[in-house]
Amino acid sequence: DLRSSRIISVESLVRWQHPQRGFLSPDVFIPLAEQTGLINQLTFWVLKNALQQCAVFDQAGVEITVAVNLSARSLNDIRIPGEIAHMLGIAKIKPAMLVIEITESAVMSNPDEALNALQILDRMGVSLAIDDFGTGYSSLAYLSKLPVDEIKIDKSFVLDMVLDEQAAVIVRSTIDLGHNLGKKVVAEGVETLELWNLLSEWGCDTAQGYYMSKPLSADQLMQWLKDSRWA
């Protein structure tokens with residue numbers, strides 16, 4: 001949180017430690033999972049583990065939300081809202097503790113189905129965020145109708161905004177746009193104190209990136225939440 005300098009949320013990131021090929025990033029295997037139809041099984045697995053970890057946070061008295069990304073294919077799966085409701089019940093987690101992130105392109109791949117799923121999740125009380133905002137080609141008129149709570153500015157704009165005036169204009173304009181639409185604004189890719197200070201000056205709500213921490217395992221994260229200056 002840019003006002004309190006306290007951690008308020010974490011994002012689940014899936015990685016694959018392959019027995020032959022070593023470390024694989026999502027860019028390598030997520031497209032293949034989507035092409036082969038395995039993406040939904042992977043999504044359900046990530047959701048289950050993320051909510052289990054959220055329950056651990058809750059039991060430890062740590063009040064932070066956990067974000068999970070949904071692909072276009074998963075967003076259009078009619079089972080998604082029901083599966084999420086079921087998993088929340090098992091984990092005994094308040095729906096608002098889960099943040100579902102979707103990209104503009106995922107929404108626009110099938111707008112009617114996406115809107116229906118998002119409205120169901122919104123009625124359930126799940127928090128919703130538009131990820132990588134500014135990189136898609138969606139209509140602002142359509143986006144304004146989506147029941148999302150947050151807009152996440154893509155890191156490509158945030159990382160460039162110190163040296164690139166156009167990127168800075170985009171970031172500042174997106175912050176104003178998000179607030180005018182009644183949304184919170186998250187800046188991705190915050191890696192330096194300079195970026196943090198600019199975003200704070202411009203009234204951005206939340207920062208995400210390596211300036212706070214690089215990705216951590218669940219065990220490392222629990223210790224970091226105790227010892228970190230952001231705790």
# chains A, B, ... in the order shown; residues from 1 in each chain; ligands from 1
>>> residues_around(residues="stretch 96-111 of chain A", least_positions_apart="6", cutoff="10 Å", atoms="only C-alpha atoms", output="number ranges by chain")
A: 9-11, 47, 50-51, 54-55, 58, 63-76, 84, 88, 117-118, 121-122, 124-139, 142-143, 146, 148-152
>>> write_last_selection(atoms="C-alpha atoms", output="mmCIF file, in the first residue's frame")
data_model
loop_
_atom_site.group_PDB
_atom_site.id
_atom_site.type_symbol
_atom_site.label_atom_id
_atom_site.label_comp_id
_atom_site.auth_asym_id
_atom_site.auth_seq_id
_atom_site.Cartn_x
_atom_site.Cartn_y
_atom_site.Cartn_z
ATOM 1 C CA SER A 9 -1.704 -8.585 -0.965
ATOM 2 C CA VAL A 10 0.367 -11.274 -2.669
ATOM 3 C CA GLU A 11 0.031 -12.868 -6.100
ATOM 4 C CA LEU A 47 -6.557 -21.858 -6.937
ATOM 5 C CA ALA A 50 -3.519 -20.359 -3.158
ATOM 6 C CA LEU A 51 -6.637 -20.615 -1.002
ATOM 7 C CA CYS A 54 -4.670 -17.877 2.335
ATOM 8 C CA ALA A 55 -6.177 -20.000 5.120
ATOM 9 C CA ASP A 58 -5.800 -16.123 8.170
ATOM 10 C CA GLU A 63 -4.671 -10.076 6.835
ATOM 11 C CA ILE A 64 -3.584 -10.061 3.204
ATOM 12 C CA THR A 65 -5.419 -11.004 0.025
ATOM 13 C CA VAL A 66 -4.163 -13.570 -2.479
ATOM 14 C CA ALA A 67 -4.432 -12.957 -6.231
ATOM 15 C CA VAL A 68 -4.738 -15.677 -8.883
ATOM 16 C CA ASN A 69 -4.676 -15.185 -12.659
ATOM 17 C CA LEU A 70 -7.383 -16.649 -14.892
ATOM 18 C CA SER A 71 -6.706 -17.307 -18.576
ATOM 19 C CA ALA A 72 -9.298 -16.634 -21.277
ATOM 20 C CA ARG A 73 -10.101 -20.327 -21.502
ATOM 21 C CA SER A 74 -10.616 -20.640 -17.757
ATOM 22 C CA LEU A 75 -12.703 -17.468 -17.608
ATOM 23 C CA ASN A 76 -15.038 -18.938 -20.215
ATOM 24 C CA ILE A 84 -14.216 -21.192 -6.748
ATOM 25 C CA LEU A 88 -13.601 -21.043 -0.704
ATOM 26 C CA ALA A 117 -18.700 -15.115 -15.071
ATOM 27 C CA LEU A 118 -17.372 -11.883 -13.568
ATOM 28 C CA LEU A 121 -17.934 -13.864 -8.963
ATOM 29 C CA ASP A 122 -18.709 -10.270 -7.991
ATOM 30 C CA MET A 124 -20.114 -13.999 -4.494
ATOM 31 C CA GLY A 125 -17.928 -11.260 -3.007
ATOM 32 C CA VAL A 126 -14.696 -12.207 -4.799
ATOM 33 C CA SER A 127 -12.427 -9.245 -5.635
ATOM 34 C CA LEU A 128 -11.694 -8.725 -9.341
ATOM 35 C CA ALA A 129 -8.819 -6.998 -11.142
ATOM 36 C CA ILE A 130 -7.936 -6.164 -14.756
ATOM 37 C CA ASP A 131 -4.314 -7.279 -15.241
ATOM 38 C CA ASP A 132 -1.750 -5.749 -17.639
ATOM 39 C CA PHE A 133 -4.023 -2.764 -18.264
ATOM 40 C CA GLY A 134 -3.091 -0.752 -21.337
ATOM 41 C CA THR A 135 -1.678 -3.613 -23.396
ATOM 42 C CA GLY A 136 -4.985 -4.824 -24.866
ATOM 43 C CA TYR A 137 -7.347 -3.318 -27.394
ATOM 44 C CA SER A 138 -10.579 -3.316 -25.432
ATOM 45 C CA SER A 139 -13.154 -0.557 -25.393
ATOM 46 C CA TYR A 142 -16.990 -1.912 -22.189
ATOM 47 C CA LEU A 143 -14.355 -2.019 -19.454
ATOM 48 C CA LEU A 146 -17.119 -4.734 -15.770
ATOM 49 C CA VAL A 148 -13.857 -5.015 -11.279
ATOM 50 C CA ASP A 149 -12.337 -3.505 -8.147
ATOM 51 C CA GLU A 150 -8.791 -2.891 -9.406
ATOM 52 C CA ILE A 151 -6.913 -1.862 -12.531
ATOM 53 C CA LYS A 152 -3.308 -3.064 -12.735
#
>>> select_by_dssp(residues="stretch 77-217 of chain A", states="strand (DSSP E)", output="NGL selection string")
:A and (98-103 or 127-133 or 150-153 or 184-187 or 206-207)
>>> select_by_dssp(residues="chain A", states="helix (DSSP H, G or I)", output="PyMOL selection string")
chain A and resi 26-36+39-59+72-75+80-91+95-97+104-109+111-124+140-143+155-160+165-180+193-201+218-227
>>> closest_residue(among="A:Ile80, A:Met87, A:Leu159, A:Ala218", to="A:Glu113", atoms="only C-alpha atoms")
A:Ile80
>>> closest_residue(among="A:Trp16, A:Phe23, A:Trp230, A:Trp224", to="A:Leu42", atoms="only C-alpha atoms")
A:Trp16
>>> closest_residue(among="A:Pro31, A:Gly89, A:Pro95, A:Pro147", to="A:Leu115", atoms="only C-alpha atoms")
A:Pro147
>>> residues_around(residues="stretch 186-192 of chain A", least_positions_apart="6", cutoff="10 Å", atoms="only C-alpha atoms", output="ChimeraX atom specification")
/A:1-2,129-133,150-160,171,174-175,178,199,204-214
>>> atom_distance(atom1="atom CA of A:Gly203", atom2="atom CA of A:Arg3")
8.8 Å
>>> closest_residue(among="A:Pro215, A:Gln59, A:Leu140, A:Val162", to="A:Leu177", atoms="only C-alpha atoms")
A:Leu140
>>> residues_around(residues="A:Met161", least_positions_apart="6", cutoff="9 Å", atoms="only C-alpha atoms", output="list in words")
Ala167, Ala168, Val169, Ile170, Val171 and Leu195 of chain A
>>> atom_distance(atom1="atom CA of A:Ser25", atom2="atom CA of A:Asp164")
28.3 Å
>>> closest_residue(among="A:Leu13, A:Ala85, A:Val62, A:Ile8", to="A:Leu216", atoms="only C-alpha atoms")
A:Leu13
>>> atom_distance(atom1="atom CA of A:Ser144", atom2="atom CA of A:Asn40")
27.3 Å
>>> residues_around(residues="A:Phe29", least_positions_apart="6", cutoff="12 Å", atoms="only C-alpha atoms", output="tab-separated table (two decimals) with N, CA and C atoms, in the first residue's frame")
chain	number	residue	atom	x	y	z
A	14	VAL	N	2.85	-19.40	-10.78
A	14	VAL	CA	3.14	-20.81	-11.01
A	14	VAL	C	4.45	-20.95	-11.78
A	15	ARG	N	5.30	-21.86	-11.30
A	15	ARG	CA	6.58	-22.15	-11.95
A	15	ARG	C	6.71	-23.67	-12.08
A	16	TRP	N	7.48	-24.12	-13.02
A	16	TRP	CA	7.63	-25.56	-13.23
A	16	TRP	C	9.11	-25.93	-13.15
A	17	GLN	N	9.45	-26.72	-12.15
A	17	GLN	CA	10.81	-27.25	-12.05
A	17	GLN	C	10.81	-28.61	-12.76
A	18	HIS	N	11.14	-28.59	-14.05
A	18	HIS	CA	11.05	-29.78	-14.89
A	18	HIS	C	12.23	-30.72	-14.62
A	21	ARG	N	14.37	-30.44	-18.08
A	21	ARG	CA	14.64	-29.12	-18.66
A	21	ARG	C	14.89	-28.04	-17.63
A	23	PHE	N	14.27	-25.22	-14.72
A	23	PHE	CA	13.26	-24.19	-14.43
A	23	PHE	C	12.59	-23.71	-15.70
A	35	GLN	N	-3.41	-24.71	-25.21
A	35	GLN	CA	-3.62	-25.41	-26.48
A	35	GLN	C	-4.09	-26.84	-26.28
A	36	THR	N	-3.59	-27.49	-25.23
A	36	THR	CA	-3.90	-28.90	-25.01
A	36	THR	C	-5.13	-29.11	-24.13
A	38	LEU	N	-5.29	-28.41	-20.94
A	38	LEU	CA	-4.91	-28.70	-19.55
A	38	LEU	C	-4.96	-27.47	-18.64
A	39	ILE	N	-5.25	-26.31	-19.23
A	39	ILE	CA	-5.17	-25.07	-18.47
A	39	ILE	C	-6.15	-25.04	-17.30
A	42	LEU	N	-4.82	-27.02	-14.40
A	42	LEU	CA	-3.73	-26.26	-13.79
A	42	LEU	C	-4.29	-25.10	-12.96
>>> decode(residues="stretch 163-185 of chain A", atoms="N, CA and C atoms", output="CSV table (one decimal), in the first residue's frame")
chain,number,residue,atom,x,y,z
A,163,LEU,N,12.3,7.5,-17.7
A,163,LEU,CA,13.0,8.0,-18.9
A,163,LEU,C,12.1,8.3,-20.1
A,164,ASP,N,10.9,7.8,-20.1
A,164,ASP,CA,10.0,8.0,-21.2
A,164,ASP,C,8.8,8.8,-20.8
A,165,GLU,N,8.7,10.0,-21.3
A,165,GLU,CA,7.6,10.9,-20.9
A,165,GLU,C,6.3,10.4,-21.3
A,166,GLN,N,6.2,9.7,-22.5
A,166,GLN,CA,4.9,9.1,-22.9
A,166,GLN,C,4.4,8.0,-22.0
A,167,ALA,N,5.4,7.2,-21.5
A,167,ALA,CA,5.0,6.2,-20.5
A,167,ALA,C,4.5,6.8,-19.2
A,168,ALA,N,5.2,7.9,-18.8
A,168,ALA,CA,4.8,8.6,-17.6
A,168,ALA,C,3.4,9.2,-17.7
A,169,VAL,N,3.1,9.7,-18.9
A,169,VAL,CA,1.7,10.3,-19.2
A,169,VAL,C,0.7,9.1,-19.1
A,170,ILE,N,1.0,8.0,-19.7
A,170,ILE,CA,0.1,6.9,-19.7
A,170,ILE,C,-0.2,6.4,-18.2
A,171,VAL,N,0.9,6.3,-17.4
A,171,VAL,CA,0.7,5.9,-16.0
A,171,VAL,C,-0.2,6.9,-15.3
A,172,ARG,N,0.2,8.2,-15.4
A,172,ARG,CA,-0.6,9.2,-14.6
A,172,ARG,C,-2.0,9.2,-15.1
A,173,SER,N,-2.3,9.1,-16.4
A,173,SER,CA,-3.6,9.1,-16.9
A,173,SER,C,-4.4,7.9,-16.5
A,174,THR,N,-3.8,6.8,-16.4
A,174,THR,CA,-4.5,5.5,-16.0
A,174,THR,C,-4.8,5.6,-14.5
A,175,ILE,N,-4.0,6.2,-13.7
A,175,ILE,CA,-4.3,6.4,-12.3
A,175,ILE,C,-5.5,7.3,-12.2
A,176,ASP,N,-5.6,8.4,-12.9
A,176,ASP,CA,-6.7,9.3,-12.9
A,176,ASP,C,-8.0,8.6,-13.4
A,177,LEU,N,-7.8,7.9,-14.5
A,177,LEU,CA,-9.0,7.2,-15.1
A,177,LEU,C,-9.5,6.1,-14.1
A,178,GLY,N,-8.6,5.3,-13.5
A,178,GLY,CA,-9.1,4.3,-12.6
A,178,GLY,C,-9.9,4.9,-11.4
A,179,HIS,N,-9.3,6.0,-10.9
A,179,HIS,CA,-10.0,6.6,-9.7
A,179,HIS,C,-11.3,7.3,-10.1
A,180,ASN,N,-11.4,7.8,-11.3
A,180,ASN,CA,-12.6,8.4,-11.8
A,180,ASN,C,-13.7,7.3,-12.1
A,181,LEU,N,-13.3,6.1,-12.3
A,181,LEU,CA,-14.2,5.0,-12.5
A,181,LEU,C,-14.5,4.3,-11.2
A,182,GLY,N,-13.9,4.8,-10.1
A,182,GLY,CA,-14.2,4.2,-8.8
A,182,GLY,C,-13.4,3.0,-8.5
A,183,LYS,N,-12.2,2.8,-9.2
A,183,LYS,CA,-11.4,1.6,-9.1
A,183,LYS,C,-10.1,1.9,-8.3
A,184,LYS,N,-9.6,1.0,-7.6
A,184,LYS,CA,-8.2,1.1,-7.1
A,184,LYS,C,-7.2,0.9,-8.2
A,185,VAL,N,-6.0,1.4,-8.1
A,185,VAL,CA,-5.0,1.3,-9.2
A,185,VAL,C,-3.8,0.7,-8.6
